[in-house]
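Everything on this sheet refers to the single structure shown next.
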Amino acid sequence: MTILITGGAGFIGSHVVRLFVEAYPNYHIFNLDALTYAGNLENLKDIEEQPNYTFVKGDITDETFINKLFEKHKFDSVIHLAAESHVDRSIKDPLAFVKTNVIGTMILLNAFKNLWKDNFQNKLFYHISTDEVYGSLGQTGLFTETTSYDPNSPYSASKASSDHFVRAYGETYDMPYVISNCSNNYGQNQFPEKLIPLFINNIINNKPLPVYGDGNYTRDWLYVNDHAVAIDLVFHKGKNKETYNIGGFNEWKNIDLVKLLCEQMDEKLSRPKGSSEKLITYVKDRPGHDLRYAIDASKINKELGWQPSVTFEEGLNKTIDWYLNNENWLHSVTSGEYQSYYEKQYS
Ligand code: NAD
Ligand code: DAU
């Protein structure tokens with residue numbers, strides 16, 4: 001089986017690529033990535049020489065290139081993760097999100113459909129999506145697979161749109177697909193624009209920790225390796241044309257999470273208790289900020305037997321250790337373009 005994984009040099013994609021390359025020597029894994037600011041081949045250094053792995057640099061919005069690539073390699077399946085993924089960037093440049101997340105997904109869908117339309121047997125298009133498509137919860141309730149879509153940011157609207165197109169291809173062309181919608185991931189190799197790695201990096205450098213609004217926003221956190229395991233299960237055992245919600249059963253208010261992170265960082269850096277907390281700075285809120293996300297993951301739990309394997313304390317501990325032991329990685333991704341992004345976002 002040849003599998004195309006898109007966005008495999010990014011945060012989640014790199015964990016998925018590694019899992020598939022190592023667990024399935026009989027599959028050939030192609031990793032297609034444009035290497036935007038978020039993509040980094042360092043994330044995959046340990047597996048780049050594996051005989052069942054090929055990296056291809058390319059952009060999913062380049063239709064001619066994508067069609068040729070599908071013609072050449074005849075991918076049996078696609079696991080599609082490539083995306084613009086940061087909400088704050090989507091507020092500043094929404095069109096970039098439409099281009100990659102909507103048009104890019106469409107180009108992949110067309111290429112896959114055109115290749116296999118005469119016989120879709122044993123073929124699968126697996127689209128990786130987010131819980132943000134469901135919009136915001138109040139203080140109670142959980143997102144289920146049947147919750148109506150109600151996206152609030154340009155990022156989540158673009159992901160919602162791509163989900164709709166995947167479903168439409170399933171209905172219209174009978175193209176086999178699965179979709180999974182996951183909650184907030186954390187772990188090693190996450191780009192330090194997202195809350196946890198940004199704050200780890202700022203604590204290391206004694207910089208302010210910019211908490212949006214009053215900090216009472218809630219997210220449901222999942223360790224990235226557990227997401228990769230869930231993706232493996234959905235890919236192999238998920239039912240055609242079904243959606244699976246994936247979550248951590250692990251809700252945290254941002255401010256509580258930040259305080260826990262501060263405590264752990266003080267310990268690891270042997271700084272006096274309370275020194276990282278002093279860096280907390282409440283800043284202007286994110287426009288359209290969703291109050292709360294929380295996933296009901298009972299379907300994937302009951303049908304596919306998946307559950308998170310790592311507690312939040314363990315996962316956070318491992319994540320901090322990874323960033324502290326990989327300061328070169330942090331340094332390389334935070335030089336250059338990152339500086340001007342940071343200035344614009346937080347000045
Ligand atoms: P990321 O930003 O770390 O990585 C995205 C990858 O896609 C990068 O390697 C980038 O170079 C690549 N890419 C971007 N535009 C491309 C293009 N036009 N052509 C080819 N490659 C391109 O993102 P992530 O956090 O790893 O998220 C991966 C996927 O999972 C996304 O689809 C995202 O919506 C979804 N998701 C993320 C989370 C999360 O918490 N991070 C949660 C649920 C779902
Ligand atoms: O829920 C899944 C989604 O989780 C994914 O689809 C997205 O790709 C991913 O980026 C993430 O989106 P969030 O917007 O929830 O993640 P982020 O890390 O940007 O922010 C988490 C929370 O922390 C959110 O309430 C905003 C807040 N925050 C974030 C940053 C970057 C701050 O208070 N300060 C910050 O500087």
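Just so we're on the same page: first chain in the structure tokens is A, next is B, and so on; residues restart at 1 for each chain, and ligands are numbered from 1 in the order they show up.
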
Give me, as a Markdown table, each residue of chain A that comes within 8 Å of ligand 1, together with its shortest interatomic pair and the distance in Å at one decimal, counting only C-alpha atoms and all ligand atoms, with rows ordered by chain and rising residue number.
```
| residue | atom | partner | partner_atom_place_in_ligand_line | distance |
| --- | --- | --- | --- | --- |
| A:Thr6 | CA | ligand 1 | 21 (N) | 6.2 |
| A:Gly7 | CA | ligand 1 | 7 (O) | 3.6 |
| A:Gly8 | CA | ligand 1 | 9 (O) | 5.7 |
| A:Ala9 | CA | ligand 1 | 9 (O) | 4.1 |
| A:Gly10 | CA | ligand 1 | 9 (O) | 3.2 |
| A:Phe11 | CA | ligand 1 | 26 (O) | 3.7 |
| A:Ile12 | CA | ligand 1 | 26 (O) | 3.7 |
| A:Gly13 | CA | ligand 1 | 26 (O) | 5.3 |
| A:Ser14 | CA | ligand 1 | 26 (O) | 7.6 |
| A:Leu32 | CA | ligand 1 | 20 (C) | 6.3 |
| A:Asp33 | CA | ligand 1 | 21 (N) | 3.8 |
| A:Ala34 | CA | ligand 1 | 20 (C) | 4.0 |
| A:Leu35 | CA | ligand 1 | 11 (O) | 3.7 |
| A:Thr36 | CA | ligand 1 | 11 (O) | 3.9 |
| A:Tyr37 | CA | ligand 1 | 11 (O) | 6.3 |
| A:Ala38 | CA | ligand 1 | 8 (C) | 4.6 |
| A:Gly39 | CA | ligand 1 | 9 (O) | 3.2 |
| A:Asn40 | CA | ligand 1 | 9 (O) | 6.4 |
| A:Lys57 | CA | ligand 1 | 20 (C) | 7.7 |
| A:Gly58 | CA | ligand 1 | 20 (C) | 5.8 |
| A:Asp59 | CA | ligand 1 | 19 (N) | 3.5 |
| A:Ile60 | CA | ligand 1 | 19 (N) | 4.1 |
| A:Thr61 | CA | ligand 1 | 18 (N) | 5.5 |
| A:His80 | CA | ligand 1 | 32 (O) | 7.0 |
| A:Leu81 | CA | ligand 1 | 32 (O) | 4.1 |
| A:Ala82 | CA | ligand 1 | 7 (O) | 3.6 |
| A:Ala83 | CA | ligand 1 | 14 (C) | 4.5 |
| A:Glu84 | CA | ligand 1 | 14 (C) | 5.2 |
| A:Ser85 | CA | ligand 1 | 2 (O) | 4.6 |
| A:His86 | CA | ligand 1 | 2 (O) | 6.7 |
| A:Lys99 | CA | ligand 1 | 18 (N) | 7.6 |
| A:Thr100 | CA | ligand 1 | 18 (N) | 4.7 |
| A:Asn101 | CA | ligand 1 | 32 (O) | 7.7 |
| A:Gly104 | CA | ligand 1 | 18 (N) | 6.4 |
| A:His127 | CA | ligand 1 | 32 (O) | 7.9 |
| A:Ile128 | CA | ligand 1 | 32 (O) | 5.4 |
| A:Ser129 | CA | ligand 1 | 44 (C) | 4.7 |
| A:Thr130 | CA | ligand 1 | 44 (C) | 3.9 |
| A:Asp131 | CA | ligand 1 | 43 (C) | 6.4 |
| A:Glu132 | CA | ligand 1 | 43 (C) | 7.9 |
| A:Lys159 | CA | ligand 1 | 34 (O) | 6.6 |
| A:Asn181 | CA | ligand 1 | 43 (C) | 6.2 |
| A:Cys182 | CA | ligand 1 | 43 (C) | 4.2 |
| A:Ser183 | CA | ligand 1 | 42 (C) | 5.0 |
| A:Asn184 | CA | ligand 1 | 40 (O) | 3.6 |
| A:Asn185 | CA | ligand 1 | 40 (O) | 3.8 |
| A:Tyr186 | CA | ligand 1 | 40 (O) | 6.6 |
| A:Gln190 | CA | ligand 1 | 3 (O) | 6.1 |
| A:Phe191 | CA | ligand 1 | 3 (O) | 6.1 |
```

- Item | Filtered DSSP result for segment 91-215 of chain A, state strand (DSSP E), as number ranges by chain | A: 124-130, 177-182, 184-186, 209-212

Please provide the set of residues having any atom within 9 Å of segment 325-332 of chain A, restricted to only C-alpha atoms, with same-chain residues fewer than 2 positions apart removed, written as an mmCIF file with all heavy atoms, in the first residue's frame.
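See out10.cif below for the written result:
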```cif
data_model
loop_
_atom_site.group_PDB
_atom_site.id
_atom_site.type_symbol
_atom_site.label_atom_id
_atom_site.label_comp_id
_atom_site.auth_asym_id
_atom_site.auth_seq_id
_atom_site.Cartn_x
_atom_site.Cartn_y
_atom_site.Cartn_z
ATOM 1 N N GLU A 42 13.730 18.552 10.468
ATOM 2 C CA GLU A 42 14.426 18.099 11.680
ATOM 3 C C GLU A 42 13.509 17.188 12.505
ATOM 4 O O GLU A 42 13.979 16.316 13.240
ATOM 5 C CB GLU A 42 14.797 19.310 12.559
ATOM 6 C CG GLU A 42 16.014 20.071 12.100
ATOM 7 C CD GLU A 42 17.274 19.230 12.162
ATOM 8 O OE1 GLU A 42 17.512 18.583 13.194
ATOM 9 O OE2 GLU A 42 18.012 19.202 11.155
ATOM 10 N N ASN A 189 7.871 19.021 19.406
ATOM 11 C CA ASN A 189 7.871 19.528 18.023
ATOM 12 C C ASN A 189 6.713 20.462 17.677
ATOM 13 O O ASN A 189 6.484 20.750 16.510
ATOM 14 C CB ASN A 189 7.864 18.390 16.972
ATOM 15 C CG ASN A 189 9.071 17.490 17.077
ATOM 16 O OD1 ASN A 189 8.955 16.329 17.438
ATOM 17 N ND2 ASN A 189 10.244 18.030 16.787
ATOM 18 N N PHE A 191 5.101 23.967 17.149
ATOM 19 C CA PHE A 191 5.691 25.276 16.847
ATOM 20 C C PHE A 191 5.332 26.274 17.959
ATOM 21 O O PHE A 191 4.166 26.360 18.360
ATOM 22 C CB PHE A 191 5.168 25.773 15.492
ATOM 23 C CG PHE A 191 5.948 26.946 14.977
ATOM 24 C CD1 PHE A 191 7.182 26.764 14.360
ATOM 25 C CD2 PHE A 191 5.467 28.233 15.122
ATOM 26 C CE1 PHE A 191 7.908 27.845 13.896
ATOM 27 C CE2 PHE A 191 6.187 29.321 14.661
ATOM 28 C CZ PHE A 191 7.413 29.129 14.044
ATOM 29 N N PRO A 192 6.321 27.046 18.429
ATOM 30 C CA PRO A 192 6.072 27.908 19.604
ATOM 31 C C PRO A 192 5.291 29.190 19.320
ATOM 32 O O PRO A 192 5.645 30.264 19.774
ATOM 33 C CB PRO A 192 7.492 28.217 20.103
ATOM 34 C CG PRO A 192 8.347 28.040 18.916
ATOM 35 C CD PRO A 192 7.719 27.012 18.031
ATOM 36 N N ASN A 201 8.821 28.518 25.964
ATOM 37 C CA ASN A 201 9.933 29.303 25.393
ATOM 38 C C ASN A 201 10.066 30.649 26.111
ATOM 39 O O ASN A 201 11.174 31.096 26.424
ATOM 40 C CB ASN A 201 9.679 29.498 23.892
ATOM 41 C CG ASN A 201 10.862 30.120 23.189
ATOM 42 O OD1 ASN A 201 12.011 29.781 23.467
ATOM 43 N ND2 ASN A 201 10.602 31.060 22.291
ATOM 44 N N ILE A 320 7.799 19.387 28.492
ATOM 45 C CA ILE A 320 8.749 20.397 28.987
ATOM 46 C C ILE A 320 10.170 19.861 28.862
ATOM 47 O O ILE A 320 11.079 20.556 28.392
ATOM 48 C CB ILE A 320 8.444 20.770 30.459
ATOM 49 C CG1 ILE A 320 7.068 21.418 30.564
ATOM 50 C CG2 ILE A 320 9.522 21.696 31.020
ATOM 51 C CD1 ILE A 320 6.604 21.659 32.000
ATOM 52 N N ASP A 321 10.367 18.580 29.274
ATOM 53 C CA ASP A 321 11.712 18.003 29.188
ATOM 54 C C ASP A 321 12.230 18.057 27.749
ATOM 55 O O ASP A 321 13.390 18.379 27.511
ATOM 56 C CB ASP A 321 11.715 16.540 29.664
ATOM 57 C CG ASP A 321 11.661 16.460 31.182
ATOM 58 O OD1 ASP A 321 11.904 17.488 31.839
ATOM 59 O OD2 ASP A 321 11.359 15.366 31.700
ATOM 60 N N TRP A 322 11.332 17.734 26.800
ATOM 61 C CA TRP A 322 11.775 17.730 25.399
ATOM 62 C C TRP A 322 12.236 19.133 24.981
ATOM 63 O O TRP A 322 13.312 19.278 24.386
ATOM 64 C CB TRP A 322 10.651 17.235 24.471
ATOM 65 C CG TRP A 322 11.178 17.105 23.063
ATOM 66 C CD1 TRP A 322 11.865 16.046 22.543
ATOM 67 C CD2 TRP A 322 11.142 18.109 22.042
ATOM 68 N NE1 TRP A 322 12.241 16.323 21.249
ATOM 69 C CE2 TRP A 322 11.805 17.580 20.909
ATOM 70 C CE3 TRP A 322 10.604 19.392 21.962
ATOM 71 C CZ2 TRP A 322 11.950 18.278 19.714
ATOM 72 C CZ3 TRP A 322 10.752 20.101 20.766
ATOM 73 C CH2 TRP A 322 11.416 19.547 19.658
ATOM 74 N N TYR A 323 11.466 20.155 25.326
ATOM 75 C CA TYR A 323 11.866 21.523 24.917
ATOM 76 C C TYR A 323 13.161 21.946 25.611
ATOM 77 O O TYR A 323 14.021 22.575 24.991
ATOM 78 C CB TYR A 323 10.733 22.530 25.172
ATOM 79 C CG TYR A 323 9.655 22.448 24.097
ATOM 80 C CD1 TYR A 323 8.510 21.678 24.285
ATOM 81 C CD2 TYR A 323 9.795 23.107 22.880
ATOM 82 C CE1 TYR A 323 7.544 21.567 23.298
ATOM 83 C CE2 TYR A 323 8.840 23.010 21.882
ATOM 84 C CZ TYR A 323 7.716 22.247 22.094
ATOM 85 O OH TYR A 323 6.764 22.135 21.096
ATOM 86 N N THR A 334 12.775 29.772 16.164
ATOM 87 C CA THR A 334 12.357 31.098 16.650
ATOM 88 C C THR A 334 13.250 32.229 16.125
ATOM 89 O O THR A 334 13.064 33.386 16.477
ATOM 90 C CB THR A 334 12.316 31.162 18.195
ATOM 91 O OG1 THR A 334 13.566 30.714 18.701
ATOM 92 C CG2 THR A 334 11.191 30.334 18.759
ATOM 93 N N SER A 335 14.218 31.872 15.278
ATOM 94 C CA SER A 335 14.978 32.973 14.649
ATOM 95 C C SER A 335 14.253 33.298 13.327
ATOM 96 O O SER A 335 13.345 32.604 12.924
ATOM 97 C CB SER A 335 16.429 32.552 14.421
ATOM 98 O OG SER A 335 16.476 31.240 13.968
ATOM 99 N N GLY A 336 14.648 34.340 12.672
ATOM 100 C CA GLY A 336 14.059 34.682 11.370
ATOM 101 C C GLY A 336 12.638 35.177 11.473
ATOM 102 O O GLY A 336 12.313 36.013 12.314
#
```

- Would you kindly return, as an MDAnalysis selection string, each protein, DNA or RNA residue with an atom no farther than 8 Å from any atom of segment 280-296 of chain A, considering only C-alpha atoms and excluding same-chain residues fewer than 4 positions away? chainID A and resid 88 91 131:132 135:139 141:144 152:153 182:183 208:220 245:249 251 276

Hey, can you spit out that residue selection with N, CA, C and O atoms as a compact mmCIF listing (two decimals), in the first residue's frame?
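Saved the output as selection_17.txt:
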```txt
# COMPACT_ATOMS: atom_id res chain seq x y z
N ASP A 88 -4.65 32.64 15.45
CA ASP A 88 -4.25 34.06 15.43
C ASP A 88 -3.77 34.49 14.04
O ASP A 88 -4.07 35.60 13.59
N ILE A 91 -6.64 35.22 11.73
CA ILE A 91 -7.33 36.50 11.96
C ILE A 91 -6.61 37.60 11.16
O ILE A 91 -7.24 38.49 10.59
N ASP A 131 -11.84 20.08 16.41
CA ASP A 131 -13.10 20.29 17.14
C ASP A 131 -13.60 21.73 16.99
O ASP A 131 -14.76 22.04 17.30
N GLU A 132 -12.72 22.64 16.50
CA GLU A 132 -13.13 24.05 16.41
C GLU A 132 -14.26 24.27 15.40
O GLU A 132 -14.91 25.31 15.42
N GLY A 135 -17.62 25.23 16.84
CA GLY A 135 -17.84 26.52 17.49
C GLY A 135 -17.50 26.45 18.95
O GLY A 135 -16.56 25.76 19.35
N SER A 136 -18.25 27.17 19.77
CA SER A 136 -17.91 27.26 21.18
C SER A 136 -19.00 26.65 22.05
O SER A 136 -20.19 26.81 21.78
N LEU A 137 -18.57 25.96 23.14
CA LEU A 137 -19.53 25.48 24.14
C LEU A 137 -19.68 26.54 25.23
O LEU A 137 -18.78 27.36 25.43
N GLY A 138 -20.81 26.47 25.94
CA GLY A 138 -20.94 27.26 27.17
C GLY A 138 -20.21 26.52 28.29
O GLY A 138 -19.29 25.74 28.04
N GLN A 139 -20.67 26.74 29.55
CA GLN A 139 -19.95 26.11 30.68
C GLN A 139 -20.15 24.59 30.73
O GLN A 139 -19.36 23.89 31.34
N GLY A 141 -21.73 20.73 28.66
CA GLY A 141 -21.95 20.06 27.38
C GLY A 141 -20.64 19.64 26.73
O GLY A 141 -19.56 20.06 27.13
N LEU A 142 -20.79 18.77 25.72
CA LEU A 142 -19.62 18.23 25.01
C LEU A 142 -19.94 18.21 23.51
O LEU A 142 -21.10 18.08 23.13
N PHE A 143 -18.92 18.32 22.67
CA PHE A 143 -19.11 18.16 21.23
C PHE A 143 -19.24 16.67 20.91
O PHE A 143 -18.35 15.89 21.27
N THR A 144 -20.32 16.30 20.21
CA THR A 144 -20.42 14.92 19.71
C THR A 144 -20.28 14.99 18.18
O THR A 144 -20.24 16.08 17.61
N ASN A 152 -16.23 29.87 14.26
CA ASN A 152 -16.18 31.31 14.57
C ASN A 152 -14.94 32.04 14.07
O ASN A 152 -14.94 33.26 14.03
N SER A 153 -13.87 31.30 13.76
CA SER A 153 -12.65 31.99 13.29
C SER A 153 -12.45 31.65 11.82
O SER A 153 -12.97 30.63 11.34
N CYS A 182 -10.37 16.54 16.19
CA CYS A 182 -9.63 16.37 17.45
C CYS A 182 -9.54 17.68 18.23
O CYS A 182 -9.63 18.78 17.67
N SER A 183 -9.34 17.52 19.52
CA SER A 183 -9.16 18.69 20.41
C SER A 183 -7.70 19.15 20.39
O SER A 183 -6.89 18.64 19.62
N PRO A 208 7.43 37.96 29.11
CA PRO A 208 6.04 37.92 29.59
C PRO A 208 5.25 36.76 29.00
O PRO A 208 5.50 36.35 27.86
N LEU A 209 4.28 36.26 29.76
CA LEU A 209 3.38 35.19 29.29
C LEU A 209 2.03 35.84 28.97
O LEU A 209 1.24 36.14 29.87
N PRO A 210 1.76 36.08 27.67
CA PRO A 210 0.58 36.86 27.28
C PRO A 210 -0.72 36.05 27.34
O PRO A 210 -1.08 35.37 26.39
N VAL A 211 -1.44 36.12 28.46
CA VAL A 211 -2.71 35.40 28.61
C VAL A 211 -3.83 36.28 28.02
O VAL A 211 -4.01 37.43 28.43
N TYR A 212 -4.56 35.72 27.04
CA TYR A 212 -5.62 36.50 26.38
C TYR A 212 -6.83 36.67 27.32
O TYR A 212 -7.27 35.69 27.95
N GLY A 213 -7.37 37.90 27.35
CA GLY A 213 -8.59 38.16 28.13
C GLY A 213 -8.37 37.85 29.59
O GLY A 213 -7.32 38.15 30.16
N ASP A 214 -9.40 37.20 30.22
CA ASP A 214 -9.28 36.91 31.65
C ASP A 214 -8.67 35.53 31.91
O ASP A 214 -8.54 35.10 33.06
N GLY A 215 -8.33 34.80 30.84
CA GLY A 215 -7.69 33.49 31.01
C GLY A 215 -8.68 32.38 31.34
O GLY A 215 -8.30 31.23 31.55
N ASN A 216 -9.99 32.72 31.36
CA ASN A 216 -10.97 31.71 31.75
C ASN A 216 -11.52 30.93 30.56
O ASN A 216 -12.68 30.50 30.58
N TYR A 217 -10.74 30.77 29.53
CA TYR A 217 -11.14 29.99 28.37
C TYR A 217 -10.68 28.56 28.59
O TYR A 217 -9.62 28.33 29.20
N THR A 218 -11.49 27.62 28.11
CA THR A 218 -11.21 26.21 28.41
C THR A 218 -10.91 25.42 27.14
O THR A 218 -11.62 25.57 26.14
N ARG A 219 -9.88 24.59 27.22
CA ARG A 219 -9.53 23.70 26.11
C ARG A 219 -9.36 22.28 26.66
O ARG A 219 -9.11 22.09 27.84
N ASP A 220 -9.49 21.30 25.77
CA ASP A 220 -9.44 19.89 26.12
C ASP A 220 -8.14 19.34 25.52
O ASP A 220 -8.04 19.20 24.30
N ASN A 245 -14.83 11.78 16.74
CA ASN A 245 -14.26 12.84 17.60
C ASN A 245 -13.15 12.23 18.44
O ASN A 245 -13.30 11.13 18.99
N ILE A 246 -12.06 12.99 18.59
CA ILE A 246 -10.93 12.53 19.40
C ILE A 246 -10.62 13.62 20.43
O ILE A 246 -10.45 14.78 20.05
N GLY A 247 -10.57 13.24 21.70
CA GLY A 247 -10.31 14.26 22.73
C GLY A 247 -9.57 13.66 23.90
O GLY A 247 -9.38 12.44 23.98
N GLY A 248 -9.15 14.52 24.80
CA GLY A 248 -8.29 14.08 25.89
C GLY A 248 -9.01 13.75 27.18
O GLY A 248 -8.38 13.33 28.15
N PHE A 249 -10.33 13.95 27.25
CA PHE A 249 -11.07 13.86 28.53
C PHE A 249 -10.32 14.71 29.55
O PHE A 249 -10.09 14.30 30.68
N GLU A 251 -10.08 18.68 30.40
CA GLU A 251 -10.34 20.12 30.24
C GLU A 251 -9.54 20.95 31.23
O GLU A 251 -9.50 20.63 32.43
N SER A 276 8.13 32.02 37.69
CA SER A 276 7.53 32.01 36.35
C SER A 276 6.14 32.67 36.39
O SER A 276 5.76 33.38 35.44
```

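Residue neighbourhood of Leu195 of chain A, excluding near-sequence residues (fewer than 3 positions): Pro192, Leu198, Phe199, Ile200, Val211, Asn254 and Val258 of chain A, at 9 Å, using only C-alpha atoms.
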
Store the residues of this selection in a file with C-alpha atoms, as a short mmCIF file (atom, residue, chain, number, x, y, z; two decimals), in the first residue's frame.
```cif
data_model
loop_
_atom_site.label_atom_id
_atom_site.label_comp_id
_atom_site.auth_asym_id
_atom_site.auth_seq_id
_atom_site.Cartn_x
_atom_site.Cartn_y
_atom_site.Cartn_z
CA PRO A 192 6.07 27.91 19.60
CA LEU A 198 5.11 29.56 23.35
CA PHE A 199 4.88 29.84 27.12
CA ILE A 200 7.67 27.29 27.70
CA VAL A 211 -2.71 35.40 28.61
CA ASN A 254 -6.02 28.46 30.30
CA VAL A 258 -0.47 28.23 32.71
#
```

Residue contacts of Gln264 of chain A (9 Å, only C-alpha atoms) excluding same-chain residues fewer than 5 positions away, as a PDB file with all heavy atoms, in the first residue's frame:
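Saved result, around-v4.pdb, follows:
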```pdb
ATOM      1  N   LYS A 259      -0.623  28.194  35.150  1.00  0.00           N
ATOM      2  CA  LYS A 259      -0.043  28.156  36.504  1.00  0.00           C
ATOM      3  C   LYS A 259       0.657  26.815  36.759  1.00  0.00           C
ATOM      4  O   LYS A 259       1.738  26.775  37.365  1.00  0.00           O
ATOM      5  CB  LYS A 259      -1.123  28.426  37.552  1.00  0.00           C
ATOM      6  CG  LYS A 259      -1.487  29.913  37.586  1.00  0.00           C
ATOM      7  CD  LYS A 259      -2.502  30.247  38.655  1.00  0.00           C
ATOM      8  CE  LYS A 259      -2.759  31.759  38.637  1.00  0.00           C
ATOM      9  NZ  LYS A 259      -3.963  32.137  39.389  1.00  0.00           N
ATOM     10  N   LEU A 269      13.821  24.333  36.125  1.00  0.00           N
ATOM     11  CA  LEU A 269      14.904  25.301  35.895  1.00  0.00           C
ATOM     12  C   LEU A 269      15.588  25.700  37.203  1.00  0.00           C
ATOM     13  O   LEU A 269      16.427  26.607  37.211  1.00  0.00           O
ATOM     14  CB  LEU A 269      14.339  26.561  35.202  1.00  0.00           C
ATOM     15  CG  LEU A 269      13.806  26.356  33.767  1.00  0.00           C
ATOM     16  CD1 LEU A 269      13.023  27.583  33.292  1.00  0.00           C
ATOM     17  CD2 LEU A 269      14.948  26.068  32.801  1.00  0.00           C
ATOM     18  N   LEU A 316       2.686  16.679  30.081  1.00  0.00           N
ATOM     19  CA  LEU A 316       3.261  18.025  30.181  1.00  0.00           C
ATOM     20  C   LEU A 316       4.725  17.944  30.634  1.00  0.00           C
ATOM     21  O   LEU A 316       5.601  18.643  30.105  1.00  0.00           O
ATOM     22  CB  LEU A 316       2.434  18.861  31.167  1.00  0.00           C
ATOM     23  CG  LEU A 316       2.709  20.358  31.159  1.00  0.00           C
ATOM     24  CD1 LEU A 316       2.437  20.971  29.792  1.00  0.00           C
ATOM     25  CD2 LEU A 316       1.853  21.078  32.215  1.00  0.00           C
ATOM     26  N   ASN A 317       4.956  17.047  31.581  1.00  0.00           N
ATOM     27  CA  ASN A 317       6.303  16.829  32.079  1.00  0.00           C
ATOM     28  C   ASN A 317       7.257  16.408  30.955  1.00  0.00           C
ATOM     29  O   ASN A 317       8.336  16.977  30.770  1.00  0.00           O
ATOM     30  CB  ASN A 317       6.196  15.711  33.136  1.00  0.00           C
ATOM     31  CG  ASN A 317       7.394  15.672  34.027  1.00  0.00           C
ATOM     32  OD1 ASN A 317       7.942  16.711  34.397  1.00  0.00           O
ATOM     33  ND2 ASN A 317       7.833  14.462  34.337  1.00  0.00           N
ATOM     34  N   ILE A 320       7.799  19.387  28.492  1.00  0.00           N
ATOM     35  CA  ILE A 320       8.749  20.397  28.987  1.00  0.00           C
ATOM     36  C   ILE A 320      10.170  19.861  28.862  1.00  0.00           C
ATOM     37  O   ILE A 320      11.079  20.556  28.392  1.00  0.00           O
ATOM     38  CB  ILE A 320       8.444  20.770  30.459  1.00  0.00           C
ATOM     39  CG1 ILE A 320       7.068  21.418  30.564  1.00  0.00           C
ATOM     40  CG2 ILE A 320       9.522  21.696  31.020  1.00  0.00           C
ATOM     41  CD1 ILE A 320       6.604  21.659  32.000  1.00  0.00           C
TER      42      ILE A 320
END
```

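The neighbours of Ser161 of chain A here are the residues that come within 10 Å of it, using only C-alpha atoms and leaving out any residue fewer than 5 positions away in the same chain; they are Val98, Asn101, Val102, Ile103, Thr105, Val133, Tyr149, Pro151, Tyr155, Ser156 and Val166 of chain A.
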
- Message: Using Å and a single decimal, report how far atom CA of Ile203 of chain A sits from atom CA of Met265 of chain A.
- Response: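 So the answer is 7.5 Å.
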
- Proximity to ligand 2 - best of A:Tyr342, A:Tyr126, A:Phe55, A:Tyr244, only C-alpha atoms and all ligand atoms: A:Tyr342

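If you look at atom CA of Asn52 of chain A and atom CA of Phe20 of chain A, they are 9.6 Å away from each other.
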
- Could you tell me which of A:Ser298, A:Asn206, A:Ser347, A:Asn110 comes closest to ligand 2 if we count only C-alpha atoms and all ligand atoms?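 Distance minimum relative to ligand 2 lands on A:Ser347.
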
- Task: Grab the atom CA of Ser77 of chain A to atom CA of Ser148 of chain A distance for me, in Å with one decimal place.
- Result: 27.9 Å

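For the residues A:Asn31, A:Thr2, A:Ser90, A:Gln307, ranking by smallest atom-to-atom distance to ligand 2 using only C-alpha atoms and all ligand atoms places A:Ser90 first.
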
- Task: List every residue of segment 116-326 of chain A that DSSP, applied to the backbone of this structure, assigns to helix (DSSP H, G or I), and report them as a count of residues only.
- Result: 88
